[in-house]
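Asker: The file below is protein-v5.cif, mmCIF, C-alpha atoms and all ligand atoms:
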data_model
#
loop_
_atom_site.label_atom_id
_atom_site.label_comp_id
_atom_site.auth_asym_id
_atom_site.auth_seq_id
_atom_site.Cartn_x
_atom_site.Cartn_y
_atom_site.Cartn_z
CA MET S 1 127.83 -141.72 -108.73
CA THR S 2 127.90 -144.39 -111.42
CA THR S 3 130.73 -144.22 -113.93
CA ILE S 4 129.36 -144.53 -117.46
CA ILE S 5 132.46 -143.76 -119.54
CA GLN S 6 136.02 -144.34 -118.43
CA ALA S 7 139.18 -143.71 -120.42
CA ASP S 8 142.43 -144.99 -119.07
CA ASN S 9 145.64 -143.73 -120.71
CA LEU S 10 143.82 -143.91 -124.03
CA HIS S 11 146.01 -143.30 -127.07
CA LYS S 12 145.36 -143.20 -130.81
CA SER S 13 147.98 -142.54 -133.46
CA PHE S 14 147.50 -142.44 -137.21
CA PRO S 15 150.54 -142.96 -139.46
CA THR S 16 151.41 -139.25 -139.47
CA THR S 17 149.54 -137.83 -136.44
CA THR S 18 148.79 -138.52 -132.83
CA ALA S 19 145.09 -137.76 -132.50
CA ILE S 20 144.56 -138.82 -128.85
CA ASP S 21 147.55 -138.68 -126.56
CA HIS S 22 147.35 -140.84 -123.40
CA ILE S 23 144.21 -139.39 -121.89
CA SER S 24 142.26 -140.49 -118.82
CA PHE S 25 138.87 -139.25 -117.64
CA GLU S 26 135.51 -140.38 -116.32
CA VAL S 27 131.94 -139.41 -117.15
CA PHE S 28 129.20 -140.09 -114.61
CA GLU S 29 125.57 -141.03 -115.15
CA GLY S 30 123.26 -138.12 -115.99
CA GLU S 31 126.13 -135.71 -116.58
CA VAL S 32 126.37 -133.30 -119.49
CA PHE S 33 130.09 -133.67 -120.15
CA GLY S 34 131.59 -131.03 -122.45
CA LEU S 35 134.58 -131.85 -124.62
CA LEU S 36 136.07 -128.53 -125.67
CA GLY S 37 138.84 -128.05 -128.15
CA PRO S 38 139.88 -126.33 -131.35
CA ASN S 39 139.57 -127.94 -134.79
CA GLY S 40 141.75 -130.98 -135.11
CA SER S 41 142.21 -131.41 -131.36
CA GLY S 42 140.87 -134.98 -131.46
CA LYS S 43 137.20 -134.71 -130.46
CA THR S 44 135.77 -136.77 -133.31
CA THR S 45 138.48 -139.40 -132.93
CA LEU S 46 137.66 -139.70 -129.23
CA VAL S 47 133.94 -140.16 -129.93
CA ARG S 48 134.79 -142.84 -132.50
CA LEU S 49 137.09 -144.60 -130.03
CA LEU S 50 134.43 -144.54 -127.30
CA ASN S 51 131.90 -146.07 -129.70
CA GLY S 52 134.27 -148.83 -130.75
CA VAL S 53 134.42 -147.55 -134.33
CA LEU S 54 138.19 -147.02 -134.06
CA THR S 55 140.61 -149.22 -132.13
CA PRO S 56 142.95 -147.53 -129.66
CA THR S 57 146.69 -147.79 -130.34
CA SER S 58 147.16 -148.31 -126.60
CA GLY S 59 145.33 -147.73 -123.35
CA ARG S 60 141.75 -148.69 -122.57
CA ALA S 61 138.27 -147.22 -122.56
CA TYR S 62 135.10 -148.61 -121.07
CA VAL S 63 131.46 -147.68 -121.60
CA PHE S 64 129.12 -149.21 -119.01
CA GLY S 65 132.16 -151.21 -117.94
CA LYS S 66 132.50 -152.85 -121.38
CA ASP S 67 135.76 -152.58 -123.28
CA VAL S 68 135.40 -150.47 -126.42
CA THR S 69 137.89 -152.68 -128.25
CA THR S 70 135.97 -155.91 -127.81
CA ASP S 71 132.37 -154.85 -127.13
CA GLY S 72 131.79 -152.17 -129.77
CA SER S 73 128.46 -153.45 -131.04
CA TRP S 74 127.08 -153.92 -127.50
CA ILE S 75 128.11 -150.33 -126.75
CA ARG S 76 126.74 -148.90 -130.00
CA ALA S 77 123.32 -150.43 -129.23
CA ARG S 78 123.30 -148.21 -126.12
CA THR S 79 124.64 -144.97 -127.56
CA GLY S 80 123.11 -142.39 -129.85
CA VAL S 81 125.52 -140.38 -131.97
CA LEU S 82 124.87 -137.08 -133.68
CA THR S 83 127.73 -136.33 -136.04
CA GLU S 84 128.62 -132.87 -137.30
CA THR S 85 126.92 -133.54 -140.62
CA PRO S 86 123.75 -135.51 -139.85
CA SER S 87 122.59 -137.43 -142.88
CA LEU S 88 118.85 -137.57 -143.28
CA TYR S 89 116.89 -138.68 -146.32
CA GLU S 90 115.73 -135.39 -147.79
CA ARG S 91 112.98 -136.91 -149.94
CA LEU S 92 111.42 -138.86 -147.09
CA THR S 93 109.11 -137.29 -144.52
CA ALA S 94 110.29 -136.74 -140.94
CA LYS S 95 108.18 -139.69 -139.83
CA LYS S 96 109.58 -142.00 -142.52
CA ASN S 97 113.15 -140.97 -141.68
CA LEU S 98 112.62 -141.93 -138.05
CA SER S 99 110.83 -145.18 -138.95
CA PHE S 100 113.69 -146.12 -141.26
CA PHE S 101 116.36 -145.55 -138.60
CA GLY S 102 114.18 -147.17 -135.95
CA ARG S 103 114.10 -150.36 -138.00
CA PHE S 104 117.84 -150.09 -138.51
CA TYR S 105 118.25 -150.00 -134.72
CA GLY S 106 116.12 -153.11 -134.39
CA ILE S 107 112.90 -151.57 -133.08
CA THR S 108 109.97 -153.82 -133.94
CA ASP S 109 107.39 -152.72 -136.54
CA SER S 110 104.67 -152.63 -133.89
CA GLU S 111 106.68 -150.28 -131.65
CA ILE S 112 107.87 -147.91 -134.36
CA PRO S 113 104.77 -145.66 -134.76
CA LYS S 114 104.58 -144.99 -131.00
CA ARG S 115 108.30 -144.30 -130.68
CA THR S 116 108.31 -142.09 -133.79
CA ASP S 117 105.42 -140.00 -132.46
CA GLU S 118 107.10 -139.66 -129.05
CA MET S 119 110.34 -138.46 -130.63
CA LEU S 120 108.62 -136.01 -132.96
CA SER S 121 106.72 -134.57 -130.04
CA LEU S 122 109.86 -134.31 -127.86
CA MET S 123 111.58 -132.38 -130.65
CA HIS S 124 108.53 -130.17 -131.31
CA LEU S 125 108.14 -131.52 -134.84
CA SER S 126 104.76 -133.30 -134.61
CA ASP S 127 103.01 -130.78 -136.85
CA ARG S 128 105.61 -131.29 -139.63
CA ALA S 129 105.76 -135.09 -139.32
CA ASP S 130 104.42 -135.80 -142.81
CA GLU S 131 106.50 -133.25 -144.72
CA PRO S 132 109.63 -134.18 -146.67
CA VAL S 133 112.79 -133.25 -144.78
CA GLY S 134 114.20 -131.44 -147.85
CA GLY S 135 111.93 -128.51 -147.02
CA PHE S 136 112.98 -128.28 -143.36
CA SER S 137 115.07 -125.45 -141.91
CA LYS S 138 118.56 -126.27 -140.56
CA GLY S 139 117.25 -126.11 -136.98
CA MET S 140 114.40 -128.51 -137.75
CA LYS S 141 116.81 -130.92 -139.46
CA GLN S 142 119.08 -130.80 -136.45
CA ARG S 143 116.21 -131.57 -134.06
CA LEU S 144 115.16 -134.44 -136.32
CA ALA S 145 118.75 -135.74 -136.33
CA ILE S 146 118.73 -135.71 -132.51
CA ALA S 147 115.41 -137.59 -132.62
CA ARG S 148 117.01 -140.12 -134.93
CA ALA S 149 119.92 -140.63 -132.53
CA LEU S 150 117.39 -141.19 -129.73
CA MET S 151 115.09 -143.65 -131.52
CA HIS S 152 116.44 -146.72 -129.72
CA ASP S 153 116.27 -144.88 -126.37
CA PRO S 154 120.04 -144.98 -125.69
CA PRO S 155 121.14 -143.96 -122.20
CA ILE S 156 124.16 -142.10 -123.67
CA LEU S 157 124.11 -139.47 -126.35
CA PHE S 158 127.21 -138.21 -128.17
CA LEU S 159 126.57 -134.83 -129.75
CA ASP S 160 129.21 -133.34 -132.04
CA GLU S 161 128.66 -129.58 -132.44
CA PRO S 162 124.86 -129.93 -132.23
CA THR S 163 124.18 -126.23 -132.85
CA SER S 164 126.79 -125.40 -135.47
CA GLY S 165 125.30 -123.29 -138.24
CA LEU S 166 122.06 -122.65 -136.35
CA ASP S 167 120.65 -119.19 -135.63
CA PRO S 168 120.48 -118.11 -131.96
CA GLU S 169 116.82 -119.08 -131.59
CA SER S 170 117.26 -122.59 -133.05
CA SER S 171 120.46 -123.02 -131.01
CA ARG S 172 118.60 -122.19 -127.83
CA GLN S 173 115.84 -124.63 -128.76
CA VAL S 174 118.40 -127.43 -129.25
CA GLU S 175 120.13 -126.47 -125.97
CA ASP S 176 116.80 -126.65 -124.13
CA ILE S 177 116.25 -130.13 -125.58
CA ILE S 178 119.72 -131.24 -124.43
CA GLN S 179 119.02 -129.91 -120.95
CA GLU S 180 115.66 -131.71 -120.82
CA LEU S 181 117.21 -134.98 -121.98
CA ALA S 182 119.71 -134.83 -119.12
CA SER S 183 117.38 -133.61 -116.39
CA ASP S 184 114.07 -135.28 -117.30
CA GLU S 185 115.25 -138.41 -119.12
CA GLN S 186 118.49 -138.98 -117.16
CA LYS S 187 120.53 -139.32 -120.34
CA THR S 188 124.30 -139.03 -120.07
CA ILE S 189 125.39 -136.50 -122.66
CA PHE S 190 128.84 -136.22 -124.19
CA LEU S 191 128.88 -132.85 -125.91
CA CYS S 192 131.69 -131.84 -128.28
CA THR S 193 131.64 -128.12 -128.80
CA HIS S 194 133.67 -125.04 -129.68
CA ASN S 195 130.98 -122.89 -128.14
CA LEU S 196 132.19 -121.92 -124.68
CA SER S 197 129.08 -120.06 -123.58
CA GLN S 198 126.99 -123.06 -124.61
CA ALA S 199 129.24 -125.37 -122.58
CA GLU S 200 128.92 -122.99 -119.64
CA ARG S 201 125.13 -123.14 -119.85
CA LEU S 202 124.85 -126.90 -120.30
CA CYS S 203 127.80 -128.80 -118.89
CA SER S 204 128.29 -130.04 -115.36
CA LYS S 205 131.89 -130.91 -116.23
CA VAL S 206 134.24 -130.06 -119.09
CA ALA S 207 137.49 -131.41 -120.47
CA MET S 208 139.71 -129.16 -122.57
CA LEU S 209 141.43 -131.04 -125.34
CA ASN S 210 144.34 -129.75 -127.39
CA THR S 211 146.49 -131.73 -129.81
CA GLY S 212 145.07 -134.91 -128.32
CA LYS S 213 145.88 -134.06 -124.70
CA ILE S 214 143.49 -133.10 -121.91
CA LEU S 215 144.79 -129.77 -120.60
CA ALA S 216 142.21 -129.44 -117.85
CA GLU S 217 139.12 -131.24 -116.61
CA GLY S 218 136.47 -130.54 -114.00
CA SER S 219 133.40 -128.46 -113.21
CA ILE S 220 133.65 -124.72 -113.92
CA GLN S 221 133.74 -123.94 -110.18
CA ASP S 222 136.40 -126.55 -109.64
CA LEU S 223 138.55 -125.26 -112.51
CA SER S 224 138.28 -121.63 -111.40
CA ARG S 225 139.21 -122.58 -107.84
CA ARG S 226 142.27 -124.46 -109.08
CA LEU S 227 143.34 -121.81 -111.60
CA PHE S 228 142.70 -118.57 -109.76
CA SER S 229 143.73 -118.10 -106.17
CA ALA S 230 141.10 -115.46 -105.42
CA VAL S 231 137.44 -114.73 -106.15
CA PRO S 232 136.60 -111.18 -107.30
CA VAL S 233 133.80 -109.63 -105.23
CA GLU S 234 131.76 -106.47 -105.72
CA MET S 235 130.21 -104.98 -102.57
CA GLU S 236 127.76 -102.12 -102.90
CA LEU S 237 126.68 -99.97 -99.94
CA LEU S 238 123.78 -97.59 -99.71
CA ASN S 239 126.13 -94.67 -98.97
CA GLU S 240 129.84 -94.09 -99.58
CA PRO S 241 131.74 -96.32 -97.15
CA SER S 242 133.42 -94.66 -94.18
CA PRO S 243 137.19 -95.20 -93.73
CA ALA S 244 136.31 -97.56 -90.84
CA VAL S 245 134.17 -99.73 -93.14
CA ILE S 246 136.90 -99.88 -95.79
CA GLN S 247 139.43 -100.76 -93.10
CA ALA S 248 137.13 -103.49 -91.76
CA VAL S 249 137.01 -105.11 -95.22
CA ARG S 250 140.75 -104.71 -95.63
CA ASN S 251 141.43 -106.30 -92.23
CA THR S 252 139.34 -109.39 -92.87
CA ARG S 253 141.37 -112.53 -93.41
CA GLY S 254 141.92 -113.45 -97.07
CA VAL S 255 140.83 -110.09 -98.49
CA THR S 256 142.72 -107.78 -100.86
CA VAL S 257 140.91 -104.53 -101.60
CA ASP S 258 141.39 -103.48 -105.24
CA SER S 259 139.49 -100.19 -105.31
CA VAL S 260 136.69 -98.13 -103.85
CA GLU S 261 134.48 -96.49 -106.46
CA GLY S 262 131.70 -94.33 -104.99
CA THR S 263 129.48 -96.65 -102.99
CA THR S 264 131.18 -99.82 -104.28
CA ILE S 265 134.17 -101.68 -102.83
CA LEU S 266 135.90 -104.08 -105.22
CA PHE S 267 138.06 -106.73 -103.64
CA HIS S 268 139.39 -110.27 -103.98
CA VAL S 269 138.92 -112.96 -101.37
CA THR S 270 140.83 -116.22 -101.23
CA ASP S 271 137.70 -118.26 -100.49
CA LYS S 272 133.97 -117.59 -100.96
CA GLU S 273 133.39 -119.06 -97.47
CA LEU S 274 135.02 -115.97 -95.95
CA ILE S 275 132.28 -113.69 -97.31
CA PRO S 276 129.95 -113.95 -94.27
CA SER S 277 132.77 -112.73 -92.02
CA ILE S 278 133.28 -109.72 -94.33
CA ILE S 279 129.57 -108.92 -94.15
CA ARG S 280 129.64 -109.11 -90.34
CA ALA S 281 132.68 -106.79 -90.17
CA VAL S 282 131.04 -104.17 -92.42
CA ILE S 283 127.77 -104.20 -90.48
CA GLN S 284 129.66 -103.92 -87.19
CA GLU S 285 131.27 -100.72 -88.47
CA GLY S 286 127.86 -99.28 -89.37
CA GLY S 287 128.08 -99.90 -93.15
CA ASP S 288 124.69 -100.13 -94.92
CA MET S 289 125.26 -103.09 -97.15
CA PHE S 290 123.06 -103.05 -100.22
CA ARG S 291 124.47 -105.83 -102.40
CA ILE S 292 127.37 -108.26 -102.39
CA ALA S 293 128.20 -110.28 -105.47
CA PRO S 294 131.03 -112.78 -105.81
CA GLN S 295 131.89 -112.85 -109.52
CA ASP S 296 132.38 -116.25 -111.11
CA TYR S 297 135.07 -116.61 -113.73
CA SER S 298 133.56 -117.37 -117.11
CA LEU S 299 134.41 -120.56 -118.95
CA GLU S 300 135.98 -118.34 -121.61
CA GLU S 301 138.41 -116.82 -119.05
CA ILE S 302 139.20 -120.30 -117.78
CA TYR S 303 139.64 -121.72 -121.29
CA PHE S 304 142.05 -119.05 -122.49
CA THR S 305 144.05 -119.14 -119.26
CA VAL S 306 144.43 -122.91 -119.60
CA GLN S 307 145.39 -122.63 -123.29
CA ARG S 308 147.95 -119.89 -122.47
CA GLN S 309 149.48 -121.94 -119.70
CA GLY S 310 149.42 -125.09 -121.83
CA GLY S 311 147.49 -126.91 -119.10
CA MET S 312 146.65 -126.79 -115.41
CA THR S 313 149.57 -126.39 -113.08
CA VAL S 314 147.58 -127.53 -110.02
N1 LIG T 401 141.40 -141.51 -140.27
C1 LIG T 401 142.40 -140.65 -140.04
N2 LIG T 401 143.61 -140.80 -140.63
C2 LIG T 401 144.62 -139.96 -140.39
N3 LIG T 401 144.54 -138.89 -139.56
C3 LIG T 401 143.36 -138.67 -138.95
C4 LIG T 401 142.24 -139.54 -139.15
N4 LIG T 401 141.20 -139.08 -138.39
C5 LIG T 401 141.66 -137.99 -137.75
N5 LIG T 401 142.95 -137.75 -138.08
C6 LIG T 401 143.80 -136.65 -137.55
O1 LIG T 401 143.69 -136.66 -136.14
C7 LIG T 401 143.65 -135.32 -135.64
C8 LIG T 401 142.38 -135.12 -134.83
O2 LIG T 401 141.26 -135.10 -135.71
P1 LIG T 401 139.75 -135.05 -135.21
O3 LIG T 401 138.88 -135.11 -136.44
O4 LIG T 401 139.54 -136.07 -134.19
O5 LIG T 401 139.68 -133.60 -134.57
P2 LIG T 401 138.41 -132.74 -134.11
O6 LIG T 401 138.74 -132.14 -132.81
O7 LIG T 401 137.18 -133.57 -134.18
O8 LIG T 401 138.33 -131.62 -135.22
P3 LIG T 401 137.04 -130.77 -135.72
O9 LIG T 401 136.65 -129.88 -134.59
O10 LIG T 401 137.60 -130.03 -136.88
O11 LIG T 401 135.97 -131.75 -136.11
C9 LIG T 401 143.77 -134.41 -136.85
O12 LIG T 401 145.12 -134.05 -137.01
C10 LIG T 401 143.31 -135.30 -137.99
O13 LIG T 401 143.91 -134.91 -139.20
#
Could I get this structure in the form of structure tokens?

Answerer:
Amino acid sequence: MTTIIQADNLHKSFPTTTAIDHISFEVFEGEVFGLLGPNGSGKTTLVRLLNGVLTPTSGRAYVFGKDVTTDGSWIRARTGVLTETPSLYERLTAKKNLSFFGRFYGITDSEIPKRTDEMLSLMHLSDRADEPVGGFSKGMKQRLAIARALMHDPPILFLDEPTSGLDPESSRQVEDIIQELASDEQKTIFLCTHNLSQAERLCSKVAMLNTGKILAEGSIQDLSRRLFSAVPVEMELLNEPSPAVIQAVRNTRGVTVDSVEGTTILFHVTDKELIPSIIRAVIQEGGDMFRIAPQDYSLEEIYFTVQRQGGMTV
């Protein structure tokens, strides 16, 4: 796995606040990395540091191995940034907006029409290309702003709350685009969001930021394994389980039975890998297994547990 972004004890203080407090993390190529945190936790400051727009007070950060402090313009030529309030020229058409920003990014006049058409098509805006942006819906403006950030074909995209203020349908459309950019175009995506279910759908890894500190970082599976010592499992049988079947589940290593409700046994197991041995034990005792479902912890459960604990203890 190639490291694309690396922060090493990165720290940023303003005269009266510490915005980023000695954080370290890595983002790999093609990842959708979610930066989660409440308002004022330091997300925007971190994006600005990683793009070389702000200088760290101490510590280091590298993008493609280049130091953000000394190689900001080299880095910015390879990143696309969508800020929380994307500024588009309302009186210009979608096409003219993209052409304008394309020129700004140094795309040659001969390449601009092709690139503009590609971007409008990727964002499902081709049929509105010649209309002024002032008449666009919020969702359309947001897709155009993503297109703008992609004009120079950057391998990394920083998206700050890309679906804030959008209705569920437009949000889903933007999420689908983000997913396509990562899977089909191999873009590395750094997604700042408050939206936990969105992060759960999109991100391969998340970092939880609070008052400038990373409280936890990892994939959702990794975080749940580290936070919770057992996986909840629901096992449904065709008929009510016999005492022998219940005992067989109870006797399997790593299992704690919580309750038996009709045809369903609810239990916790210390490791998902023990599930096949539970299935074997039930079948051996003549249980007619109908369904077994290990329940994953949601990102919301993980997030609030981490916030309550003030960080990961393991
Ligand atoms: N230029 C600045 N000068 C002084 N303080 C700043 C500056 N920029 C950010 N801060 C402070 O740093 C902290 C982190 O702010 P930041 O904007 O990075 O948070 P955020 O997580 O992006 O918030 P939001 O979700 O509301 O956008 C806040 O306390 C903020 O007031």

Asker: Can you pull out every residue with an atom within 9 Å of ligand LIG 401 (chain T)? Use all atoms listed in the file and format it as number ranges by chain.

Answerer: S: 12-20, 36-48, 54, 84, 160-161, 192-194, 209-212

Asker: Skip S:Val206 itself and residues of its chain fewer than 6 positions away, then list as JSON, numbers by chain all residues within 10 Å of it, counting all atoms listed in the file.

Answerer: {"S": [27, 32, 33, 34, 35, 36, 190, 191, 192, 199, 200, 216, 217, 218, 219, 220, 223, 299]}

Asker: Just want the 8 Å neighbourhood of stretch 113-117 of chain S, counted on all atoms listed in the file, with same-chain residues fewer than 3 positions away dropped. Output as number ranges by chain.

Answerer: S: 95, 98-99, 109-110, 120-121, 126, 151

Asker: What's around S:Ser58 at 8 Å? Count all atoms listed in the file, leave out sequence neighbours fewer than 6 positions away in its own chain, and write the answer as a PyMOL selection string.

Answerer: chain S and resi 9-12

Asker: When you count all atoms listed in the file, which of these residues is closest to S:Gln198: S:Asp258, S:Glu273, S:Glu300, S:Asp222?

Answerer: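 Nearest to S:Gln198: S:Glu300.
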
Asker: Using Å and a single decimal, report how far atom CA of S:Asp176 sits from atom CA of S:His124.

Answerer: 11.5 Å

Asker: Using atom CA of S:Ser170 and atom CA of S:Ser183 as the two end points, give the distance in Å to one decimal.

Answerer: 20.0 Å

Asker: Let me have the centre and edge lengths of the axis-aligned box enclosing all listed atoms of stretch 108-115 of chain S with 5 Å padding on every side, in Å to one decimal, as AutoDock Vina command-line options.

Answerer:
--center_x 107.3 --center_y -149.1 --center_z -133.6 --size_x 15.4 --size_y 19.5 --size_z 15.9

Asker: Write out as a list in words which residues come within 8 Å of stretch 295-297 of chain S when counting all atoms listed in the file, dropping same-chain ones fewer than 6 positions away.

Answerer: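 Everything that qualifies: Gln221, Ser224, Val231, Pro232, Val233 and Glu234 of chain S.
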
Asker: I'd like the contact shell of stretch 3-8 of chain S - 10 Å cut-off, all atoms listed in the file, skipping same-chain residues fewer than 5 positions apart - returned as a PDB file with C-alpha atoms, keeping the file's coordinate frame.

Answerer:
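Contents of the output file around-v5.pdb:
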ATOM      1  CA  HIS S  22     147.350-140.840-123.400  1.00  0.00           C
ATOM      2  CA  ILE S  23     144.210-139.390-121.890  1.00  0.00           C
ATOM      3  CA  SER S  24     142.260-140.490-118.820  1.00  0.00           C
ATOM      4  CA  PHE S  25     138.870-139.250-117.640  1.00  0.00           C
ATOM      5  CA  GLU S  26     135.510-140.380-116.320  1.00  0.00           C
ATOM      6  CA  VAL S  27     131.940-139.410-117.150  1.00  0.00           C
ATOM      7  CA  PHE S  28     129.200-140.090-114.610  1.00  0.00           C
ATOM      8  CA  GLU S  29     125.570-141.030-115.150  1.00  0.00           C
ATOM      9  CA  GLY S  30     123.260-138.120-115.990  1.00  0.00           C
ATOM     10  CA  GLU S  31     126.130-135.710-116.580  1.00  0.00           C
ATOM     11  CA  LEU S  46     137.660-139.700-129.230  1.00  0.00           C
ATOM     12  CA  LEU S  49     137.090-144.600-130.030  1.00  0.00           C
ATOM     13  CA  LEU S  50     134.430-144.540-127.300  1.00  0.00           C
ATOM     14  CA  SER S  58     147.160-148.310-126.600  1.00  0.00           C
ATOM     15  CA  GLY S  59     145.330-147.730-123.350  1.00  0.00           C
ATOM     16  CA  ARG S  60     141.750-148.690-122.570  1.00  0.00           C
ATOM     17  CA  ALA S  61     138.270-147.220-122.560  1.00  0.00           C
ATOM     18  CA  TYR S  62     135.100-148.610-121.070  1.00  0.00           C
ATOM     19  CA  VAL S  63     131.460-147.680-121.600  1.00  0.00           C
ATOM     20  CA  PHE S  64     129.120-149.210-119.010  1.00  0.00           C
ATOM     21  CA  GLY S  65     132.160-151.210-117.940  1.00  0.00           C
ATOM     22  CA  LYS S  66     132.500-152.850-121.380  1.00  0.00           C
ATOM     23  CA  ASP S  67     135.760-152.580-123.280  1.00  0.00           C
ATOM     24  CA  VAL S  68     135.400-150.470-126.420  1.00  0.00           C
ATOM     25  CA  PRO S 155     121.140-143.960-122.200  1.00  0.00           C
ATOM     26  CA  ILE S 156     124.160-142.100-123.670  1.00  0.00           C
ATOM     27  CA  THR S 188     124.300-139.030-120.070  1.00  0.00           C
ATOM     28  CA  PHE S 190     128.840-136.220-124.190  1.00  0.00           C
TER      29      PHE S 190
END

Asker: Rounded to one decimal, what separation in Å do you get between atom CA of S:Leu144 and atom CA of S:Pro168?

Answerer: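 Pair atom CA of S:Leu144 / atom CA of S:Pro168 returns 17.7 Å.
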
Asker: When you count all atoms listed in the file, which of these residues is closest to S:Val133: S:Arg91, S:Arg226, S:Arg172, S:Arg78?

Answerer: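 The closest residue to S:Val133 is S:Arg91.
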
Asker: Find the residue from S:Pro243, S:Gly262, S:Gly254, S:Gly310 that sits nearest to S:Val282; use all atoms listed in the file when measuring.

Answerer: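 Answer, going by the shortest atom-to-atom distance: S:Pro243.
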
Asker: For S:Thr83, which of S:Asn251, S:Ser137, S:Thr108, S:Ser164 is the closest residue, counting all atoms listed in the file?

Answerer: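 Smallest distance to S:Thr83 is found for S:Ser164.
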
Asker: Hey, which of S:Leu274, S:Ile283, S:Ile292, S:Val257 ends up closest to S:Glu236? Count only C-alpha atoms.

Answerer: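 The answer is S:Ile292, which sits nearest to S:Glu236.
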
Asker: Between S:Ile178, S:Ala145, S:Leu215, S:Ile279, which is the closest to S:Ala94 once you count all atoms listed in the file?

Answerer: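 Residue with the minimum atom-to-atom distance to S:Ala94: S:Ala145.
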